[in-house]
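Shown here: entry.csv, CSV, C-alpha atoms.
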```csv
chain,number,residue,atom,x,y,z
A,17,MET,CA,0.0,0.0,0.0
A,18,PRO,CA,1.3,3.4,-0.8
A,19,LYS,CA,2.6,5.5,2.1
A,20,THR,CA,-0.1,8.0,1.8
A,21,LEU,CA,-2.9,5.4,1.9
A,22,GLU,CA,-1.2,3.7,4.9
A,23,ALA,CA,-1.0,6.9,6.8
A,24,PHE,CA,-4.6,7.7,6.0
A,25,ALA,CA,-5.7,4.2,7.3
A,26,ASP,CA,-3.7,4.7,10.6
A,27,GLY,CA,-5.2,8.1,11.1
A,28,GLU,CA,-8.8,6.8,10.6
A,29,ALA,CA,-8.2,4.0,13.0
A,30,GLN,CA,-6.8,6.5,15.6
A,31,ALA,CA,-9.9,8.7,15.2
A,32,ARG,CA,-12.3,5.8,15.6
A,33,TYR,CA,-10.4,4.7,18.7
A,34,GLN,CA,-10.7,8.1,20.3
A,35,GLU,CA,-14.4,8.3,19.3
A,36,ASN,CA,-15.0,4.9,20.9
A,37,THR,CA,-13.1,5.9,24.1
A,38,GLU,CA,-15.2,9.1,24.4
A,39,ILE,CA,-18.4,7.1,23.9
A,40,ALA,CA,-17.4,4.6,26.6
A,41,ARG,CA,-16.5,7.4,29.0
A,42,SER,CA,-19.9,9.1,28.3
A,43,ASN,CA,-21.7,5.8,28.9
A,44,ARG,CA,-19.9,5.4,32.3
A,45,VAL,CA,-21.0,8.9,33.3
A,46,LEU,CA,-24.6,8.3,32.2
A,47,ARG,CA,-24.7,5.0,34.0
A,48,ALA,CA,-23.5,6.7,37.2
A,49,GLU,CA,-26.0,9.5,36.8
A,50,LEU,CA,-28.7,6.9,36.2
A,51,ARG,CA,-27.8,5.1,39.5
A,52,ASP,CA,-28.0,8.4,41.4
A,53,VAL,CA,-31.4,9.2,39.9
A,54,GLN,CA,-32.6,5.7,40.6
A,55,ALA,CA,-31.4,6.0,44.3
A,56,GLN,CA,-33.2,9.4,44.6
A,57,PHE,CA,-36.3,7.9,43.1
A,58,ALA,CA,-36.2,5.0,45.5
A,59,GLU,CA,-35.8,7.5,48.4
A,60,VAL,CA,-38.8,9.5,47.1
A,61,GLN,CA,-40.8,6.3,46.9
A,62,ARG,CA,-39.8,5.3,50.5
A,63,LYS,CA,-40.8,8.7,51.9
A,64,LEU,CA,-44.0,8.7,49.8
A,65,GLY,CA,-44.8,5.3,51.2
A,66,LEU,CA,-44.1,6.4,54.7
A,67,HIS,CA,-46.3,9.5,54.2
A,68,GLU,CA,-49.1,7.4,52.8
A,69,ALA,CA,-48.8,5.0,55.7
A,70,LEU,CA,-49.0,7.8,58.2
A,71,GLU,CA,-52.0,9.3,56.3
A,72,ALA,CA,-53.7,6.0,56.6
A,73,GLN,CA,-53.2,5.7,60.3
A,74,HIS,CA,-55.5,7.4,62.8
A,75,THR,CA,-54.3,8.0,66.4
A,76,SER,CA,-56.5,7.3,69.4
A,77,PRO,CA,-55.1,9.2,72.4
A,78,PRO,CA,-56.5,8.3,75.8
A,79,MET,CA,-59.0,10.7,77.3
A,80,TRP,CA,-57.5,11.8,80.6
A,81,ALA,CA,-59.7,13.3,83.3
A,82,LEU,CA,-58.7,16.4,85.2
A,83,PRO,CA,-57.1,15.5,88.6
A,84,ALA,CA,-59.5,16.0,91.4
A,85,ARG,CA,-58.9,19.2,93.4
A,86,SER,CA,-57.5,18.3,96.8
A,87,THR,CA,-57.2,20.2,100.0
A,88,GLN,CA,-55.5,17.5,101.9
A,89,HIS,CA,-51.9,18.3,100.9
A,90,ARG,CA,-49.9,19.8,103.7
A,91,GLY,CA,-46.9,22.1,103.7
A,92,ILE,CA,-45.0,24.7,105.7
A,93,PRO,CA,-43.9,27.9,104.0
A,94,CYS,CA,-40.3,28.9,104.8
A,95,LEU,CA,-39.0,32.5,104.7
A,96,GLU,CA,-35.4,33.4,105.0
A,97,LEU,CA,-35.1,37.1,106.0
A,98,ALA,CA,-31.4,37.7,105.6
A,99,ASP,CA,-29.0,40.6,105.8
A,100,ILE,CA,-31.3,43.5,106.6
A,101,HIS,CA,-28.4,45.8,107.6
A,102,TRP,CA,-30.8,48.1,109.4
A,103,GLY,CA,-29.2,51.6,109.8
A,104,ALA,CA,-27.1,51.4,106.7
A,105,ARG,CA,-27.2,54.2,104.1
A,106,VAL,CA,-26.6,53.5,100.4
A,107,ARG,CA,-26.6,56.6,98.2
A,108,PRO,CA,-27.6,55.8,94.7
A,109,GLU,CA,-25.4,58.3,93.0
A,110,GLU,CA,-22.3,56.5,94.4
A,111,ILE,CA,-23.2,53.2,92.7
A,112,ASN,CA,-24.6,54.3,89.4
A,113,HIS,CA,-28.1,54.4,90.7
A,114,ILE,CA,-28.4,50.6,91.0
A,115,ASN,CA,-29.8,50.8,94.6
A,116,ALA,CA,-30.6,53.1,97.5
A,117,TYR,CA,-31.0,52.3,101.2
A,118,SER,CA,-31.9,53.9,104.4
A,119,THR,CA,-34.0,53.1,107.5
A,120,ARG,CA,-37.0,54.5,105.8
A,121,ILE,CA,-36.5,52.3,102.7
A,122,ALA,CA,-35.6,49.3,104.9
A,123,ALA,CA,-39.0,49.6,106.8
A,124,GLN,CA,-40.8,49.6,103.4
A,125,ARG,CA,-38.9,46.6,102.2
A,126,ILE,CA,-39.5,44.6,105.4
A,127,LYS,CA,-43.2,45.3,105.1
A,128,ARG,CA,-43.3,44.3,101.5
A,129,THR,CA,-41.4,41.1,102.3
A,130,PHE,CA,-43.9,40.0,104.9
A,131,GLU,CA,-46.8,40.9,102.7
A,132,GLY,CA,-45.3,39.2,99.7
A,133,THR,CA,-44.7,36.0,101.6
A,134,ILE,CA,-48.4,35.9,102.4
A,135,LYS,CA,-49.4,36.6,98.8
A,136,LEU,CA,-47.1,33.9,97.5
A,137,ALA,CA,-48.4,31.3,99.9
A,138,ARG,CA,-52.0,32.2,99.7
A,139,ASP,CA,-52.5,33.3,96.0
A,140,TYR,CA,-49.8,31.7,94.0
A,141,PHE,CA,-49.2,28.3,95.7
A,142,ALA,CA,-52.9,27.6,96.5
A,143,GLY,CA,-54.0,24.1,97.3
A,144,LEU,CA,-51.8,23.4,100.3
A,145,LYS,CA,-53.1,23.3,103.9
A,146,TYR,CA,-50.4,25.3,105.7
A,147,ALA,CA,-49.4,24.1,109.2
A,148,GLY,CA,-47.9,27.4,110.2
A,149,ILE,CA,-44.8,29.1,108.8
A,150,GLN,CA,-41.0,28.8,109.5
A,151,VAL,CA,-38.9,32.0,109.5
A,152,PHE,CA,-35.1,31.9,109.3
A,153,LEU,CA,-33.1,34.8,110.5
A,154,PRO,CA,-29.4,34.2,109.6
A,155,GLY,CA,-28.1,37.4,111.1
A,156,ASP,CA,-26.6,40.7,109.9
A,157,ASN,CA,-29.8,42.5,110.9
A,158,PHE,CA,-27.8,45.6,111.6
A,159,SER,CA,-25.2,47.6,109.7
A,160,ALA,CA,-23.5,48.2,113.1
A,161,GLU,CA,-20.2,49.9,113.6
A,162,ILE,CA,-17.4,47.4,112.9
A,163,HIS,CA,-15.9,49.7,110.3
A,164,ASP,CA,-15.2,53.5,110.7
A,165,GLU,CA,-17.0,54.2,107.4
A,166,LEU,CA,-20.2,52.5,108.7
A,167,ARG,CA,-20.1,54.6,111.9
A,168,GLU,CA,-19.7,57.7,109.8
A,169,THR,CA,-22.5,57.0,107.3
A,170,ASN,CA,-25.1,55.0,109.2
A,171,ASP,CA,-28.6,56.5,109.5
A,172,GLU,CA,-28.7,56.0,113.3
A,173,ALA,CA,-26.7,54.7,116.3
A,174,ILE,CA,-26.7,51.0,116.9
A,175,ILE,CA,-28.8,51.1,120.1
A,176,ASP,CA,-31.5,53.1,118.3
A,177,SER,CA,-31.4,50.5,115.5
A,178,VAL,CA,-32.1,47.7,117.9
A,179,PHE,CA,-35.3,49.2,119.1
A,180,SER,CA,-36.5,50.5,115.7
A,181,LEU,CA,-35.9,47.2,113.9
A,182,ALA,CA,-37.5,45.2,116.7
A,183,GLU,CA,-40.7,47.1,116.1
A,184,GLN,CA,-40.6,46.3,112.4
A,185,LEU,CA,-40.0,42.6,112.9
A,186,GLU,CA,-42.7,42.3,115.6
A,187,ALA,CA,-45.2,43.9,113.3
A,188,GLY,CA,-44.3,41.5,110.5
A,189,LEU,CA,-44.4,38.4,112.6
A,190,ARG,CA,-47.8,39.3,114.0
A,191,LEU,CA,-49.0,39.7,110.4
A,192,LEU,CA,-47.7,36.2,109.6
A,193,ALA,CA,-49.5,34.9,112.6
A,194,LYS,CA,-52.8,36.3,111.4
A,195,GLU,CA,-52.4,34.4,108.1
A,196,PHE,CA,-50.7,31.1,109.1
A,197,GLY,CA,-51.7,30.7,112.8
A,198,THR,CA,-48.3,29.4,114.0
A,199,VAL,CA,-45.0,31.2,113.4
A,200,LYS,CA,-41.7,29.7,114.4
A,201,VAL,CA,-38.6,31.8,114.1
A,202,ALA,CA,-35.0,30.4,114.1
A,203,CYS,CA,-32.3,32.9,114.9
A,204,VAL,CA,-28.5,32.9,114.6
A,205,VAL,CA,-26.1,35.9,114.7
A,206,GLY,CA,-24.2,37.5,111.8
A,207,ASN,CA,-20.7,39.0,111.7
A,208,HIS,CA,-21.6,42.7,111.2
A,209,PRO,CA,-23.4,43.3,114.6
A,210,ARG,CA,-20.5,42.0,116.6
A,211,ARG,CA,-19.0,44.4,119.2
A,212,THR,CA,-15.4,43.7,118.5
A,213,LYS,CA,-13.2,44.8,115.6
A,214,LYS,CA,-12.2,41.3,114.6
A,215,PRO,CA,-14.4,38.2,114.5
A,216,ARG,CA,-14.1,36.0,117.5
A,217,SER,CA,-15.0,32.4,118.2
A,218,LYS,CA,-15.3,32.8,122.0
A,219,ARG,CA,-18.6,34.4,123.0
A,220,ARG,CA,-19.4,35.0,119.3
A,221,VAL,CA,-23.2,34.9,119.9
A,222,VAL,CA,-23.8,36.7,123.2
A,223,ASP,CA,-21.4,39.6,122.3
A,224,ASN,CA,-23.5,40.6,119.3
A,225,TYR,CA,-26.4,43.0,118.7
A,226,ASP,CA,-28.3,40.4,116.7
A,227,TYR,CA,-28.5,38.4,119.9
A,228,LEU,CA,-29.8,41.4,121.8
A,229,LEU,CA,-32.5,41.8,119.1
A,230,TYR,CA,-33.5,38.1,119.3
A,231,ARG,CA,-33.8,38.2,123.1
A,232,MET,CA,-36.0,41.2,122.9
A,233,LEU,CA,-38.3,39.5,120.4
A,234,ALA,CA,-38.4,36.4,122.6
A,235,ARG,CA,-39.3,38.5,125.6
A,236,ASP,CA,-42.0,40.5,123.7
A,237,PHE,CA,-43.6,37.3,122.3
A,238,ALA,CA,-43.3,35.2,125.5
A,239,GLN,CA,-47.0,35.6,126.1
A,240,THR,CA,-48.0,35.0,122.5
A,241,PRO,CA,-48.3,31.2,122.1
A,242,GLU,CA,-48.7,31.3,118.3
A,243,ILE,CA,-45.2,33.0,117.8
A,244,THR,CA,-42.1,31.1,119.0
A,245,ILE,CA,-38.6,32.6,118.9
A,246,HIS,CA,-35.8,30.1,119.0
A,247,VAL,CA,-32.5,31.8,119.8
A,248,SER,CA,-29.4,29.8,119.2
A,249,ALA,CA,-26.5,30.0,121.7
A,250,SER,CA,-24.3,28.6,118.9
A,251,PRO,CA,-23.3,30.0,115.5
A,252,ASP,CA,-25.2,27.1,113.9
A,253,MET,CA,-28.8,25.9,114.6
A,254,LEU,CA,-30.5,22.7,113.6
A,255,VAL,CA,-34.2,23.3,112.5
A,256,LYS,CA,-36.4,20.4,111.6
A,257,VAL,CA,-39.5,21.0,109.3
A,258,TYR,CA,-41.4,17.7,108.9
A,259,ARG,CA,-38.6,15.3,107.9
A,260,THR,CA,-36.3,17.9,106.4
A,261,ARG,CA,-33.4,18.9,108.6
A,262,TYR,CA,-32.1,22.5,108.0
A,263,LEU,CA,-28.8,23.8,109.5
A,264,LEU,CA,-29.1,27.6,109.9
A,265,THR,CA,-25.8,29.6,109.9
A,266,HIS,CA,-24.7,33.1,108.9
A,267,GLY,CA,-22.1,32.2,106.3
A,268,ASP,CA,-19.2,34.5,106.9
A,269,GLN,CA,-16.9,31.6,107.6
A,270,PHE,CA,-17.0,30.5,103.9
A,271,LYS,CA,-14.3,32.4,102.1
A,272,GLY,CA,-12.7,32.3,98.7
A,273,GLY,CA,-14.1,31.4,95.3
A,274,SER,CA,-13.3,32.9,91.9
A,275,GLY,CA,-14.0,32.4,88.2
A,276,ILE,CA,-17.3,31.0,86.9
A,277,SER,CA,-18.2,29.2,90.1
A,278,ALA,CA,-17.5,32.3,92.3
A,279,GLU,CA,-18.8,31.7,95.9
A,280,LEU,CA,-20.4,28.4,94.9
A,281,ALA,CA,-17.1,26.4,95.4
A,282,PRO,CA,-16.4,27.5,99.0
A,283,LEU,CA,-20.1,27.1,99.8
A,284,LEU,CA,-20.4,23.5,98.6
A,285,LEU,CA,-17.1,22.7,100.4
A,286,GLY,CA,-18.6,24.2,103.5
A,287,VAL,CA,-21.7,22.1,103.2
A,288,HIS,CA,-19.5,19.0,102.9
A,289,ARG,CA,-17.5,19.9,105.9
A,290,LYS,CA,-20.4,20.7,108.1
A,291,LYS,CA,-22.3,17.6,107.1
A,292,ARG,CA,-19.2,15.5,107.9
A,293,ARG,CA,-18.9,17.2,111.3
A,294,ASP,CA,-22.5,16.9,112.2
A,295,ALA,CA,-22.9,13.3,111.0
A,296,THR,CA,-20.0,12.4,113.2
A,297,THR,CA,-21.6,14.0,116.3
A,298,GLY,CA,-25.0,12.4,115.6
A,299,LYS,CA,-26.8,15.5,114.4
A,300,PRO,CA,-26.9,15.2,110.6
A,301,PHE,CA,-28.7,17.8,108.4
A,302,ASP,CA,-30.0,17.8,104.9
A,303,ILE,CA,-29.8,21.5,103.8
A,304,MET,CA,-27.7,24.4,105.0
A,305,VAL,CA,-29.5,27.7,105.1
A,306,LEU,CA,-27.4,30.9,105.3
A,307,GLY,CA,-27.1,34.6,104.3
A,308,HIS,CA,-24.1,36.8,104.2
A,309,PHE,CA,-23.5,36.8,100.4
A,310,HIS,CA,-26.4,39.1,99.5
A,311,ARG,CA,-27.6,36.9,96.7
A,312,THR,CA,-30.1,34.1,96.3
A,313,LEU,CA,-29.0,30.5,95.6
A,314,ILE,CA,-31.6,27.8,96.2
A,315,LEU,CA,-30.0,24.4,95.5
A,316,PRO,CA,-31.7,21.9,97.7
A,317,HIS,CA,-30.3,18.9,95.9
A,318,ASN,CA,-26.8,20.2,96.7
A,319,GLY,CA,-27.8,20.8,100.3
A,320,LEU,CA,-27.7,24.6,100.0
A,321,ILE,CA,-30.1,27.6,100.3
A,322,VAL,CA,-28.5,31.0,100.3
A,323,GLY,CA,-31.0,33.9,101.0
A,324,GLY,CA,-30.8,37.3,99.3
A,325,SER,CA,-30.7,40.6,101.1
A,326,ILE,CA,-33.2,43.2,102.0
A,327,MET,CA,-30.5,45.9,101.7
A,328,GLY,CA,-29.4,44.7,98.3
A,329,TYR,CA,-26.4,46.2,96.3
A,330,ASP,CA,-24.0,48.5,98.1
A,331,GLU,CA,-20.8,50.4,97.7
A,332,PHE,CA,-18.6,47.4,98.7
A,333,ALA,CA,-20.3,45.1,96.1
A,334,PHE,CA,-20.0,47.8,93.4
A,335,GLN,CA,-16.3,48.3,94.2
A,336,GLN,CA,-15.7,44.5,94.0
A,337,ASN,CA,-17.6,44.3,90.7
A,338,PHE,CA,-20.1,41.8,92.0
A,339,LEU,CA,-23.1,41.0,89.9
A,340,PRO,CA,-26.1,43.1,91.2
A,341,GLU,CA,-29.2,41.3,92.5
A,342,PRO,CA,-32.4,43.0,93.4
A,343,PRO,CA,-33.3,43.2,97.1
A,344,MET,CA,-35.1,39.9,97.8
A,345,SER,CA,-35.6,37.1,100.3
A,346,ALA,CA,-35.6,33.3,99.7
A,347,PHE,CA,-39.0,31.6,100.0
A,348,TRP,CA,-39.9,28.0,99.6
A,349,THR,CA,-42.4,25.4,100.9
A,350,THR,CA,-41.4,22.3,102.8
A,351,THR,CA,-43.8,19.3,102.4
A,352,PRO,CA,-43.7,16.1,104.3
A,353,GLU,CA,-43.4,14.0,101.1
A,354,ARG,CA,-40.8,15.9,99.0
A,355,GLY,CA,-39.1,18.4,101.3
A,356,VAL,CA,-38.3,21.7,99.5
A,357,THR,CA,-40.9,22.5,96.8
A,358,PHE,CA,-42.5,25.7,95.4
A,359,ILE,CA,-39.4,27.8,95.3
A,360,ALA,CA,-39.8,31.6,94.6
A,361,PRO,CA,-38.1,34.9,95.6
A,362,VAL,CA,-40.0,37.5,97.6
A,363,HIS,CA,-39.1,40.8,96.0
A,364,ALA,CA,-38.7,43.7,98.4
A,365,ALA,CA,-37.9,46.8,96.4
A,366,LYS,CA,-40.3,49.1,94.7
A,367,ARG,CA,-38.4,52.1,93.4
A,368,SER,CA,-41.5,54.2,92.6
A,369,GLU,CA,-42.5,54.1,96.2
A,370,GLU,CA,-39.0,54.4,97.7
A,371,GLY,CA,-38.4,57.7,95.8
A,372,TRP,CA,-35.0,57.3,94.4
```
So, in terms of structure tokens, how does the structure I just supplied come out?
Amino acid sequence: MPKTLEAFADGEAQARYQENTEIARSNRVLRAELRDVQAQFAEVQRKLGLHEALEAQHTSPPMWALPARSTQHRGIPCLELADIHWGARVRPEEINHINAYSTRIAAQRIKRTFEGTIKLARDYFAGLKYAGIQVFLPGDNFSAEIHDELRETNDEAIIDSVFSLAEQLEAGLRLLAKEFGTVKVACVVGNHPRRTKKPRSKRRVVDNYDYLLYRMLARDFAQTPEITIHVSASPDMLVKVYRTRYLLTHGDQFKGGSGISAELAPLLLGVHRKKRRDATTGKPFDIMVLGHFHRTLILPHNGLIVGGSIMGYDEFAFQQNFLPEPPMSAFWTTTPERGVTFIAPVHAAKRSEEGW
């Protein structure tokens, strides 16, 4: 065959080979696309079949009757009235108008707290038959004079504060007695009303203006059988409500804490240490109740209830960059079956009425 014809034949064969290769490659792509389309179609069929099956089904939920209204459940409301700091003066302009405080404002907040406690128990947590009320007083009822700045800025002298606060608390406890019949008050002292510059372990309780206040309340209600004042001679006091055992303390012994957990770490460590101590001495408790930190933490499953503060935010908290909490008190109900239930704060402040 001539060279030209031979070259032509080779070129034609090469072109046909390339054409066949392209056709084969195209067929592979088309087969892959076909498999994808078939898989998608199968999924659509599956979902359509599921949808049709669901459409064909008819649910028949059971018809539940409303539970019968019961008036047989019992409970004891519990109020923790913590850190009143009566006599303290907080000027709003010194803390970016977050809070204000004086004896006039304190009297209003105490009254609102007692009234709010009654409203919560009577109007919001209806259905329980209340067997009285338990009040916890964890101390720091007075601003006192342990620091020079307090002595210079307090609204009144500490002796006057003892008498004026006693009048407010007696009015509030009588109001609770009208609503609940029986009022039991557990009392421990705080660190602010001490009469010494530094905290002491010896005679911590009796050398304290909180103790004087409690003794005055106990004396004034001695002939009032529906109101009982229990004054502890120890910094800690065991209080039993139904089967729940509370340990009341002030809380100034728990120090430290930083980061996200803040004061929670030393508090939980304190719960552990006190539980170990009291279990060893045969007086175990379930939940520790305390104040001092001016914030509310109600963690019964962790064995801890921290009450808020009637006074609320002050210059020290502002300077330390603590998170502000509105003036409030811890409130909960103790039932014989479940212990701590129906947890809610009692808000004390009403700025429009306090005039700041």
(message) I'd like the interatomic distance between atom CA of A:Gln336 and atom CA of A:Ala160, to a tenth of an Å.
(response)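 These two atoms are separated by 21.0 Å.
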(request) One decimal, Å: what's the distance from atom CA of A:Tyr230 over to atom CA of A:Leu95, could you say? (result)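 The value is 16.6 Å.
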(request) Identify which of the residues A:Asp226, A:Glu131, A:Glu186, A:Asp156 lies closest to A:Ala249, counting only C-alpha atoms when measuring atom-to-atom distances. (result)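 Of A:Asp226, A:Glu131, A:Glu186, A:Asp156, the one nearest A:Ala249, counting only C-alpha atoms, is A:Asp226.
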Anything within 12 Å of (-26.9, 45.2, 91.8): list those residues as an mmCIF file with C-alpha atoms, in the frame of the given file, counting all atoms listed in the file and sticking to the file's coordinates.
```
data_model
loop_
_atom_site.group_PDB
_atom_site.id
_atom_site.type_symbol
_atom_site.label_atom_id
_atom_site.label_comp_id
_atom_site.auth_asym_id
_atom_site.auth_seq_id
_atom_site.Cartn_x
_atom_site.Cartn_y
_atom_site.Cartn_z
ATOM 1 C CA VAL A 106 -26.600 53.500 100.400
ATOM 2 C CA PRO A 108 -27.600 55.800 94.700
ATOM 3 C CA ILE A 111 -23.200 53.200 92.700
ATOM 4 C CA ASN A 112 -24.600 54.300 89.400
ATOM 5 C CA HIS A 113 -28.100 54.400 90.700
ATOM 6 C CA ILE A 114 -28.400 50.600 91.000
ATOM 7 C CA ASN A 115 -29.800 50.800 94.600
ATOM 8 C CA ALA A 116 -30.600 53.100 97.500
ATOM 9 C CA HIS A 310 -26.400 39.100 99.500
ATOM 10 C CA ARG A 311 -27.600 36.900 96.700
ATOM 11 C CA GLY A 324 -30.800 37.300 99.300
ATOM 12 C CA SER A 325 -30.700 40.600 101.100
ATOM 13 C CA MET A 327 -30.500 45.900 101.700
ATOM 14 C CA GLY A 328 -29.400 44.700 98.300
ATOM 15 C CA TYR A 329 -26.400 46.200 96.300
ATOM 16 C CA ASP A 330 -24.000 48.500 98.100
ATOM 17 C CA GLU A 331 -20.800 50.400 97.700
ATOM 18 C CA PHE A 332 -18.600 47.400 98.700
ATOM 19 C CA ALA A 333 -20.300 45.100 96.100
ATOM 20 C CA PHE A 334 -20.000 47.800 93.400
ATOM 21 C CA GLN A 335 -16.300 48.300 94.200
ATOM 22 C CA GLN A 336 -15.700 44.500 94.000
ATOM 23 C CA ASN A 337 -17.600 44.300 90.700
ATOM 24 C CA PHE A 338 -20.100 41.800 92.000
ATOM 25 C CA LEU A 339 -23.100 41.000 89.900
ATOM 26 C CA PRO A 340 -26.100 43.100 91.200
ATOM 27 C CA GLU A 341 -29.200 41.300 92.500
ATOM 28 C CA PRO A 342 -32.400 43.000 93.400
ATOM 29 C CA PRO A 343 -33.300 43.200 97.100
ATOM 30 C CA MET A 344 -35.100 39.900 97.800
#
```
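Take the candidates A:Lys200, A:Arg210, A:Arg367, A:Lys271 and check each one against A:Gly286 using all atoms listed in the file; the shortest distance goes to A:Lys271.
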(request) Counting all atoms listed in the file, write as a PyMOL selection string all protein and nucleic acid residues lying at most 8 Å from (-28.7, 20.1, 112.8) in the file's frame. (result) chain A and resi 252-256+261-263+294+299-301
(request) Give me, please, the distance in Å between atom CA of A:Val257 and atom CA of A:Ala202, quoted to one decimal. (result)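 Here the two named atoms are 11.5 Å from each other.
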(request) May I have the residues within 10 Å of A:Pro361 as a ChimeraX atom specification, using only C-alpha atoms and disregarding those fewer than 6 positions away in the same chain? (result) /A:95-96,129,132-133,136,312,314,323-324,343-348
(message) Given only C-alpha atoms as the basis, pick out the residue of A:Arg220, A:Arg47, A:Lys127, A:Arg62 nearest to A:Ile326.
(response) A:Lys127
Using all atoms listed in the file, what table do you get, as a tab-separated table, when you list each residue of stretch 48-146 of chain A with an atom no more than 9 Å from stretch 166-172 of chain A, its nearest pair of atoms, and their distance in Å rounded to one decimal, rows by chain then rising number?
```
residue	atom	partner	partner_atom	distance
A:Trp102	CA	A:Asp171	CA	8.7
A:Gly103	CA	A:Asp171	CA	4.9
A:Ala104	CA	A:Asn170	CA	4.8
A:Arg105	CA	A:Asn170	CA	5.6
A:Val106	CA	A:Thr169	CA	8.8
A:Ser118	CA	A:Asp171	CA	6.6
A:Thr119	CA	A:Asp171	CA	6.7
```
Test item: write stretch 248-259 of chain A with N, CA, C and O atoms as a tab-separated table (two decimals), in the first residue's frame:
```tsv
chain	number	residue	atom	x	y	z
A	248	SER	N	-30.44	30.71	119.07
A	248	SER	CA	-29.35	29.76	119.22
A	248	SER	C	-28.21	30.36	120.02
A	248	SER	O	-27.82	31.51	119.79
A	249	ALA	N	-27.66	29.59	120.94
A	249	ALA	CA	-26.45	30.01	121.66
A	249	ALA	C	-25.20	29.64	120.88
A	249	ALA	O	-24.09	29.96	121.31
A	250	SER	N	-25.38	28.98	119.74
A	250	SER	CA	-24.29	28.55	118.88
A	250	SER	C	-24.37	29.29	117.55
A	250	SER	O	-25.44	29.76	117.16
A	251	PRO	N	-23.27	29.40	116.81
A	251	PRO	CA	-23.34	30.01	115.48
A	251	PRO	C	-24.19	29.21	114.50
A	251	PRO	O	-24.64	29.75	113.49
A	252	ASP	N	-24.41	27.92	114.78
A	252	ASP	CA	-25.22	27.06	113.93
A	252	ASP	C	-26.44	26.59	114.71
A	252	ASP	O	-26.38	26.41	115.93
A	253	MET	N	-27.55	26.34	113.97
A	253	MET	CA	-28.77	25.92	114.62
A	253	MET	C	-29.48	24.90	113.74
A	253	MET	O	-29.70	25.13	112.56
A	254	LEU	N	-29.83	23.76	114.32
A	254	LEU	CA	-30.55	22.71	113.60
A	254	LEU	C	-32.05	22.96	113.72
A	254	LEU	O	-32.57	23.11	114.82
A	255	VAL	N	-32.73	23.02	112.57
A	255	VAL	CA	-34.16	23.29	112.52
A	255	VAL	C	-34.81	22.18	111.69
A	255	VAL	O	-34.45	21.98	110.52
A	256	LYS	N	-35.78	21.48	112.27
A	256	LYS	CA	-36.44	20.38	111.57
A	256	LYS	C	-37.85	20.81	111.16
A	256	LYS	O	-38.64	21.26	111.99
A	257	VAL	N	-38.15	20.69	109.86
A	257	VAL	CA	-39.47	20.98	109.32
A	257	VAL	C	-39.97	19.70	108.66
A	257	VAL	O	-39.42	19.29	107.62
A	258	TYR	N	-40.98	19.07	109.26
A	258	TYR	CA	-41.37	17.72	108.87
A	258	TYR	C	-40.12	16.84	108.95
A	258	TYR	O	-39.48	16.76	109.98
A	259	ARG	N	-39.76	16.17	107.84
A	259	ARG	CA	-38.60	15.27	107.87
A	259	ARG	C	-37.32	15.95	107.37
A	259	ARG	O	-36.26	15.34	107.37
```
